[in-house]
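Source file: coords_37.txt (compact mmCIF, C-alpha atoms)
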# COMPACT_ATOMS: atom_id res chain seq x y z
CA MET A 1 -7.59 1.45 -12.33
CA ILE A 2 -7.94 3.03 -8.92
CA LEU A 3 -6.23 6.15 -7.62
CA ALA A 4 -5.56 5.58 -3.92
CA SER A 5 -5.87 9.25 -3.05
CA THR A 6 -8.54 11.81 -2.28
CA SER A 7 -6.28 14.63 -3.48
CA PRO A 8 -8.12 16.75 -6.05
CA TYR A 9 -4.71 17.65 -7.53
CA ARG A 10 -3.75 14.02 -8.18
CA ARG A 11 -7.22 13.26 -9.51
CA ALA A 12 -6.99 16.13 -12.01
CA LEU A 13 -3.51 15.06 -13.08
CA LEU A 14 -4.47 11.42 -13.67
CA ALA A 15 -7.55 12.57 -15.60
CA ARG A 16 -5.20 14.23 -18.09
CA LEU A 17 -4.24 10.74 -19.33
CA ARG A 18 -7.91 10.15 -20.33
CA LEU A 19 -8.15 6.75 -18.70
CA ASP A 20 -11.10 5.38 -16.79
CA PHE A 21 -10.33 5.25 -13.08
CA SER A 22 -12.02 5.47 -9.74
CA VAL A 23 -10.82 7.22 -6.61
CA LEU A 24 -10.64 5.73 -3.13
CA GLY A 25 -9.00 7.17 -0.04
CA SER A 26 -6.72 4.71 1.66
CA GLY A 27 -7.00 5.99 5.22
CA VAL A 28 -3.33 5.14 5.76
CA ASP A 29 -1.74 6.83 8.78
CA GLU A 30 0.77 9.30 7.31
CA SER A 31 2.81 9.75 10.49
CA ARG A 32 6.56 9.60 10.15
CA LEU A 33 8.24 6.64 11.81
CA ALA A 34 11.09 7.28 14.27
CA GLY A 35 14.33 7.79 12.37
CA GLU A 36 12.62 7.52 8.97
CA SER A 37 14.27 9.48 6.16
CA PRO A 38 12.17 11.80 3.96
CA LEU A 39 12.69 9.45 1.00
CA GLY A 40 11.77 6.45 3.14
CA LEU A 41 8.61 8.21 4.32
CA ALA A 42 7.45 9.13 0.81
CA THR A 43 8.09 5.67 -0.64
CA ARG A 44 6.59 3.83 2.33
CA LEU A 45 3.40 5.89 2.22
CA ALA A 46 2.96 5.63 -1.57
CA HIS A 47 3.30 1.87 -1.36
CA ALA A 48 1.10 1.54 1.74
CA LYS A 49 -1.70 3.56 0.13
CA ALA A 50 -1.64 1.44 -3.02
CA ARG A 51 -1.40 -1.86 -1.12
CA HIS A 52 -4.24 -0.94 1.22
CA ILE A 53 -6.66 -0.39 -1.66
CA ALA A 54 -5.30 -3.26 -3.77
CA ALA A 55 -5.86 -5.75 -0.94
CA GLY A 56 -9.61 -5.47 -1.45
CA ARG A 57 -9.47 -5.22 -5.23
CA PRO A 58 -6.83 -7.72 -6.35
CA ASP A 59 -7.50 -7.45 -10.10
CA ALA A 60 -7.25 -3.65 -10.24
CA TRP A 61 -4.16 -1.62 -10.95
CA VAL A 62 -3.86 0.78 -8.01
CA VAL A 63 -1.84 4.01 -8.04
CA GLY A 64 -0.60 5.30 -4.69
CA SER A 65 1.44 8.49 -4.30
CA ASP A 66 2.89 10.63 -1.57
CA GLN A 67 4.91 13.82 -1.54
CA VAL A 68 7.36 15.01 1.09
CA ALA A 69 8.78 18.54 1.10
CA VAL A 70 12.20 18.90 2.73
CA ARG A 71 13.98 22.11 3.72
CA GLY A 72 17.37 21.44 5.23
CA GLU A 73 16.68 18.85 7.93
CA ASP A 74 13.00 19.75 8.25
CA ILE A 75 10.11 17.91 6.65
CA LEU A 76 7.41 20.37 5.70
CA GLY A 77 3.94 18.92 5.78
CA LYS A 78 0.67 20.49 4.77
CA PRO A 79 0.26 23.70 6.77
CA GLY A 80 -3.45 23.33 7.53
CA THR A 81 -3.83 26.93 8.79
CA HIS A 82 -3.04 30.39 7.45
CA ALA A 83 -0.65 31.06 10.32
CA ARG A 84 1.27 27.82 9.78
CA CYS A 85 1.41 28.45 6.01
CA ILE A 86 2.84 31.93 6.54
CA GLU A 87 5.41 30.52 8.95
CA MET A 88 6.35 27.77 6.48
CA LEU A 89 6.81 30.20 3.58
CA ARG A 90 8.74 32.60 5.79
CA GLY A 91 11.18 29.78 6.53
CA SER A 92 11.48 28.90 2.82
CA SER A 93 12.24 32.48 1.77
CA GLY A 94 15.55 32.56 -0.12
CA ARG A 95 16.06 28.82 0.41
CA THR A 96 15.80 25.57 -1.51
CA VAL A 97 13.02 23.10 -0.78
CA THR A 98 13.24 19.56 -2.19
CA PHE A 99 10.00 17.81 -3.09
CA LEU A 100 10.15 14.01 -3.19
CA THR A 101 7.14 12.55 -4.98
CA ALA A 102 6.89 8.77 -4.71
CA VAL A 103 4.54 6.59 -6.74
CA ALA A 104 3.63 2.93 -6.41
CA VAL A 105 1.54 1.11 -9.03
CA VAL A 106 0.45 -2.32 -7.79
CA ARG A 107 -1.86 -5.19 -8.64
CA GLU A 108 -2.34 -7.84 -5.98
CA ALA A 109 -3.59 -10.62 -8.29
CA ASP A 110 -0.12 -11.18 -9.75
CA ALA A 111 1.96 -9.37 -7.10
CA ALA A 112 2.94 -6.76 -9.69
CA ARG A 113 4.69 -3.68 -8.33
CA HIS A 114 6.21 -0.63 -10.04
CA GLU A 115 7.72 2.14 -7.94
CA PHE A 116 9.53 5.38 -8.71
CA VAL A 117 10.40 8.72 -7.12
CA ASP A 118 10.70 12.16 -8.67
CA ARG A 119 12.93 14.79 -7.04
CA THR A 120 12.15 18.45 -7.66
CA GLU A 121 14.27 21.33 -6.34
CA VAL A 122 12.44 24.61 -5.75
CA VAL A 123 14.46 27.73 -4.96
CA PHE A 124 12.26 30.39 -3.40
CA ARG A 125 13.06 34.02 -4.00
CA ASN A 126 13.45 36.30 -0.99
CA LEU A 127 9.89 36.83 0.19
CA GLU A 128 8.69 39.88 2.06
CA GLU A 129 6.08 39.51 4.80
CA ASP A 130 3.35 41.28 2.82
CA THR A 131 4.09 39.11 -0.24
CA ILE A 132 3.65 35.96 1.82
CA ALA A 133 0.44 37.24 3.45
CA ARG A 134 -1.07 38.30 0.11
CA TYR A 135 -0.20 34.96 -1.45
CA VAL A 136 -1.66 32.87 1.36
CA GLU A 137 -4.82 34.97 1.39
CA ALA A 138 -5.24 34.72 -2.39
CA GLU A 139 -4.51 31.02 -2.92
CA GLU A 140 -5.01 29.35 0.48
CA PRO A 141 -2.54 26.48 -0.18
CA LEU A 142 -3.28 24.94 3.22
CA ASP A 143 -3.52 21.39 1.85
CA CYS A 144 -0.24 21.48 -0.09
CA ALA A 145 3.13 20.17 1.09
CA GLY A 146 5.44 23.14 1.57
CA GLY A 147 2.54 25.60 1.63
CA PHE A 148 2.38 26.65 -2.02
CA LYS A 149 0.97 25.63 -5.41
CA SER A 150 3.37 25.79 -8.33
CA GLU A 151 0.51 25.34 -10.78
CA GLY A 152 -1.09 28.56 -9.57
CA LEU A 153 0.04 31.89 -8.18
CA GLY A 154 2.70 30.15 -6.09
CA VAL A 155 5.00 29.98 -9.10
CA ALA A 156 5.59 33.73 -8.57
CA LEU A 157 7.25 32.91 -5.23
CA CYS A 158 9.96 30.89 -6.97
CA LYS A 159 13.35 31.84 -8.29
CA SER A 160 13.78 28.48 -10.05
CA ILE A 161 12.30 25.00 -10.28
CA GLU A 162 14.47 22.09 -11.40
CA THR A 163 12.65 18.88 -12.26
CA ARG A 164 12.44 16.08 -14.80
CA ASP A 165 8.64 16.25 -14.70
CA PRO A 166 6.69 19.45 -14.06
CA THR A 167 3.62 17.51 -12.95
CA ALA A 168 5.56 15.91 -10.07
CA LEU A 169 5.50 19.10 -8.02
CA ILE A 170 1.70 19.14 -8.29
CA GLY A 171 1.60 15.63 -6.81
CA LEU A 172 1.77 12.95 -9.51
CA PRO A 173 4.69 12.61 -11.99
CA LEU A 174 2.81 11.83 -15.19
CA LEU A 175 5.82 11.27 -17.46
CA MET A 176 6.99 8.18 -15.57
CA LEU A 177 3.47 7.11 -14.59
CA ALA A 178 2.37 7.12 -18.25
CA SER A 179 5.40 4.98 -19.09
CA VAL A 180 4.55 2.47 -16.35
CA LEU A 181 0.90 2.35 -17.36
CA ARG A 182 1.81 1.77 -21.02
CA GLY A 183 4.09 -1.03 -19.84
CA VAL A 184 1.22 -2.81 -18.09
CA GLY A 185 -1.13 -2.53 -21.05
CA TYR A 186 -2.92 0.83 -20.94
CA ARG A 187 -3.25 2.60 -24.27
CA ILE A 188 -1.79 6.05 -23.78
CA PRO A 189 -0.50 8.05 -26.77
What is this file in structure tokens?
Amino acid sequence: MILASTSPYRRALLARLRLDFSVLGSGVDESRLAGESPLGLATRLAHAKARHIAAGRPDAWVVGSDQVAVRGEDILGKPGTHARCIEMLRGSSGRTVTFLTAVAVVREADAARHEFVDRTEVVFRNLEEDTIARYVEAEEPLDCAGGFKSEGLGVALCKSIETRDPTALIGLPLLMLASVLRGVGYRIP
């Protein structure tokens, strides 16, 4: 099995299933296409990442994933800088952000493909400027869609989180992924 992602968060999540796997970055351009919906973006990228790696390793099961954070009509990417992260969290204060986490599990040898999407709704509490600044300084979630980490201190920024799978918000929905992997022959309890 190959995880088509260099994300340390996805790597740690997949490792929880105690399966042997390797990690390869896909190098897929993650730019949004003109007129592309957030759901379309997440599913296209998850599939493209998996397909890119699977093309060179046709007998391997390849897991690709992508997450898109949406607030109103805006897609929130990874902030990259402290200033952008503060701005992103300021805009999310008191609002709902939807996280769409798409997964594609493919094997080229037999054209096998399994795809699914998890939808998580995060309602942020009203955040004061000093709260946002302290959080960004403490956790530096600059590589996380939406600018926060629910698995860390970022959970304190939330009023509620509604999801079918708590691991989805971290970047890889393990409940459904484990089901898919069992279905293709992996021994997972």
7 Å contact set for Val106 in chain A, only C-alpha atoms, chain neighbours under 4 positions out, as number ranges by chain: A: 50-51, 61-63, 112-114
Output for the residues just chosen: C-alpha atoms as a PDB file, in the coordinates of the input:
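selection-v4.pdb written:
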ATOM      1  CA  ALA A  50      -1.640   1.440  -3.020  1.00  0.00           C
ATOM      2  CA  ARG A  51      -1.400  -1.860  -1.120  1.00  0.00           C
ATOM      3  CA  TRP A  61      -4.160  -1.620 -10.950  1.00  0.00           C
ATOM      4  CA  VAL A  62      -3.860   0.780  -8.010  1.00  0.00           C
ATOM      5  CA  VAL A  63      -1.840   4.010  -8.040  1.00  0.00           C
ATOM      6  CA  ALA A 112       2.940  -6.760  -9.690  1.00  0.00           C
ATOM      7  CA  ARG A 113       4.690  -3.680  -8.330  1.00  0.00           C
ATOM      8  CA  HIS A 114       6.210  -0.630 -10.040  1.00  0.00           C
TER       9      HIS A 114
END
List the spatial neighbours of range 78-83 of chain A as a VMD selection string - criterion: any atom at most 9 Å away, only C-alpha atoms, same-chain residues fewer than 6 positions off excluded. chain A and resid 133 136 to 137 140 to 147
Kindly save the residues from that selection, with C-alpha atoms included, as a PDB file, in the coordinates of the input.
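Below is the file that was written, again.pdb:
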ATOM      1  CA  ALA A 133       0.440  37.240   3.450  1.00  0.00           C
ATOM      2  CA  VAL A 136      -1.660  32.870   1.360  1.00  0.00           C
ATOM      3  CA  GLU A 137      -4.820  34.970   1.390  1.00  0.00           C
ATOM      4  CA  GLU A 140      -5.010  29.350   0.480  1.00  0.00           C
ATOM      5  CA  PRO A 141      -2.540  26.480  -0.180  1.00  0.00           C
ATOM      6  CA  LEU A 142      -3.280  24.940   3.220  1.00  0.00           C
ATOM      7  CA  ASP A 143      -3.520  21.390   1.850  1.00  0.00           C
ATOM      8  CA  CYS A 144      -0.240  21.480  -0.090  1.00  0.00           C
ATOM      9  CA  ALA A 145       3.130  20.170   1.090  1.00  0.00           C
ATOM     10  CA  GLY A 146       5.440  23.140   1.570  1.00  0.00           C
ATOM     11  CA  GLY A 147       2.540  25.600   1.630  1.00  0.00           C
TER      12      GLY A 147
END
Give me, as a PyMOL selection string, all polymer residues having an atom no more than 12 Å from Ala69 in chain A, counting all atoms listed in the file and skipping those fewer than 2 positions away in the same chain. chain A and resi 37-39+41-42+66-67+71-79+88+92+96-102+118-122+144-148+168-171
Nearest to Arg57 in chain A among A:Leu33, A:Gly91, A:Ala109, A:Thr163, with distances taken over all atoms listed in the file: which residue is it?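 Closest to Arg57 in chain A, using all atoms listed in the file: A:Ala109.
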Gap from CA of Ser150 in chain A to CA of Tyr135 in chain A - Å, one decimal: 12.0 Å
Which residues are near Lys49 in chain A? Cut-off 8 Å, all atoms listed in the file, ignore same chain within fewer than 2 positions. Put them as a PyMOL selection string. chain A and resi 4-5+26-28+45-47+51-53+64-65
Requested write-out: C-alpha atoms of the selected residues, as an mmCIF file, keeping the file's coordinate frame:
data_model
loop_
_atom_site.group_PDB
_atom_site.id
_atom_site.type_symbol
_atom_site.label_atom_id
_atom_site.label_comp_id
_atom_site.auth_asym_id
_atom_site.auth_seq_id
_atom_site.Cartn_x
_atom_site.Cartn_y
_atom_site.Cartn_z
ATOM 1 C CA ALA A 4 -5.560 5.580 -3.920
ATOM 2 C CA SER A 5 -5.870 9.250 -3.050
ATOM 3 C CA SER A 26 -6.720 4.710 1.660
ATOM 4 C CA GLY A 27 -7.000 5.990 5.220
ATOM 5 C CA VAL A 28 -3.330 5.140 5.760
ATOM 6 C CA LEU A 45 3.400 5.890 2.220
ATOM 7 C CA ALA A 46 2.960 5.630 -1.570
ATOM 8 C CA HIS A 47 3.300 1.870 -1.360
ATOM 9 C CA ARG A 51 -1.400 -1.860 -1.120
ATOM 10 C CA HIS A 52 -4.240 -0.940 1.220
ATOM 11 C CA ILE A 53 -6.660 -0.390 -1.660
ATOM 12 C CA GLY A 64 -0.600 5.300 -4.690
ATOM 13 C CA SER A 65 1.440 8.490 -4.300
#
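The nearest approach to Arg182 in chain A among the residues A:Leu17, A:Asp130, A:Ala34, A:Tyr9, with only C-alpha atoms taken into account, belongs to A:Leu17.
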Using all atoms listed in the file, the best pick from A:Thr43, A:Ser179, A:Ser22, A:Thr131 as closest to Ala60 in chain A would be A:Ser22
Taking only C-alpha atoms into account, name the residue in A:Val123, A:Ala111, A:Val180, A:Val105 that is nearest to Val155 in chain A.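 Counting only C-alpha atoms, the residue closest to Val155 in chain A is A:Val123.
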Please identify all polymer residues within 12 Å of Ala178 in chain A, counting all atoms listed in the file, omitting same-chain residues fewer than 6 positions from it, and present them as a PDB file with C-alpha atoms, in the frame of the given file.
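As written to disk, around_26.pdb reads:
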ATOM      1  CA  LEU A  13      -3.510  15.060 -13.080  1.00  0.00           C
ATOM      2  CA  LEU A  14      -4.470  11.420 -13.670  1.00  0.00           C
ATOM      3  CA  ALA A  15      -7.550  12.570 -15.600  1.00  0.00           C
ATOM      4  CA  ARG A  16      -5.200  14.230 -18.090  1.00  0.00           C
ATOM      5  CA  LEU A  17      -4.240  10.740 -19.330  1.00  0.00           C
ATOM      6  CA  ARG A  18      -7.910  10.150 -20.330  1.00  0.00           C
ATOM      7  CA  LEU A  19      -8.150   6.750 -18.700  1.00  0.00           C
ATOM      8  CA  VAL A  63      -1.840   4.010  -8.040  1.00  0.00           C
ATOM      9  CA  VAL A 103       4.540   6.590  -6.740  1.00  0.00           C
ATOM     10  CA  VAL A 105       1.540   1.110  -9.030  1.00  0.00           C
ATOM     11  CA  HIS A 114       6.210  -0.630 -10.040  1.00  0.00           C
ATOM     12  CA  ASP A 165       8.640  16.250 -14.700  1.00  0.00           C
ATOM     13  CA  THR A 167       3.620  17.510 -12.950  1.00  0.00           C
ATOM     14  CA  LEU A 172       1.770  12.950  -9.510  1.00  0.00           C
ATOM     15  CA  VAL A 184       1.220  -2.810 -18.090  1.00  0.00           C
ATOM     16  CA  GLY A 185      -1.130  -2.530 -21.050  1.00  0.00           C
ATOM     17  CA  TYR A 186      -2.920   0.830 -20.940  1.00  0.00           C
ATOM     18  CA  ARG A 187      -3.250   2.600 -24.270  1.00  0.00           C
ATOM     19  CA  ILE A 188      -1.790   6.050 -23.780  1.00  0.00           C
ATOM     20  CA  PRO A 189      -0.500   8.050 -26.770  1.00  0.00           C
TER      21      PRO A 189
END
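Here CA of Cys85 in chain A and CA of Arg134 in chain A stand 11.7 Å from one another.
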Using only C-alpha atoms, the residue out of A:Ser160, A:Phe116, A:Glu108, A:Leu89 with shortest distance to Glu128 in chain A is A:Leu89
Nearest-residue call for Glu87 in chain A, choices A:Ile132, A:Ala138, A:Met1, A:Val23, using only C-alpha atoms: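 Among the listed residues, the smallest separation from Glu87 in chain A belongs to A:Ile132.
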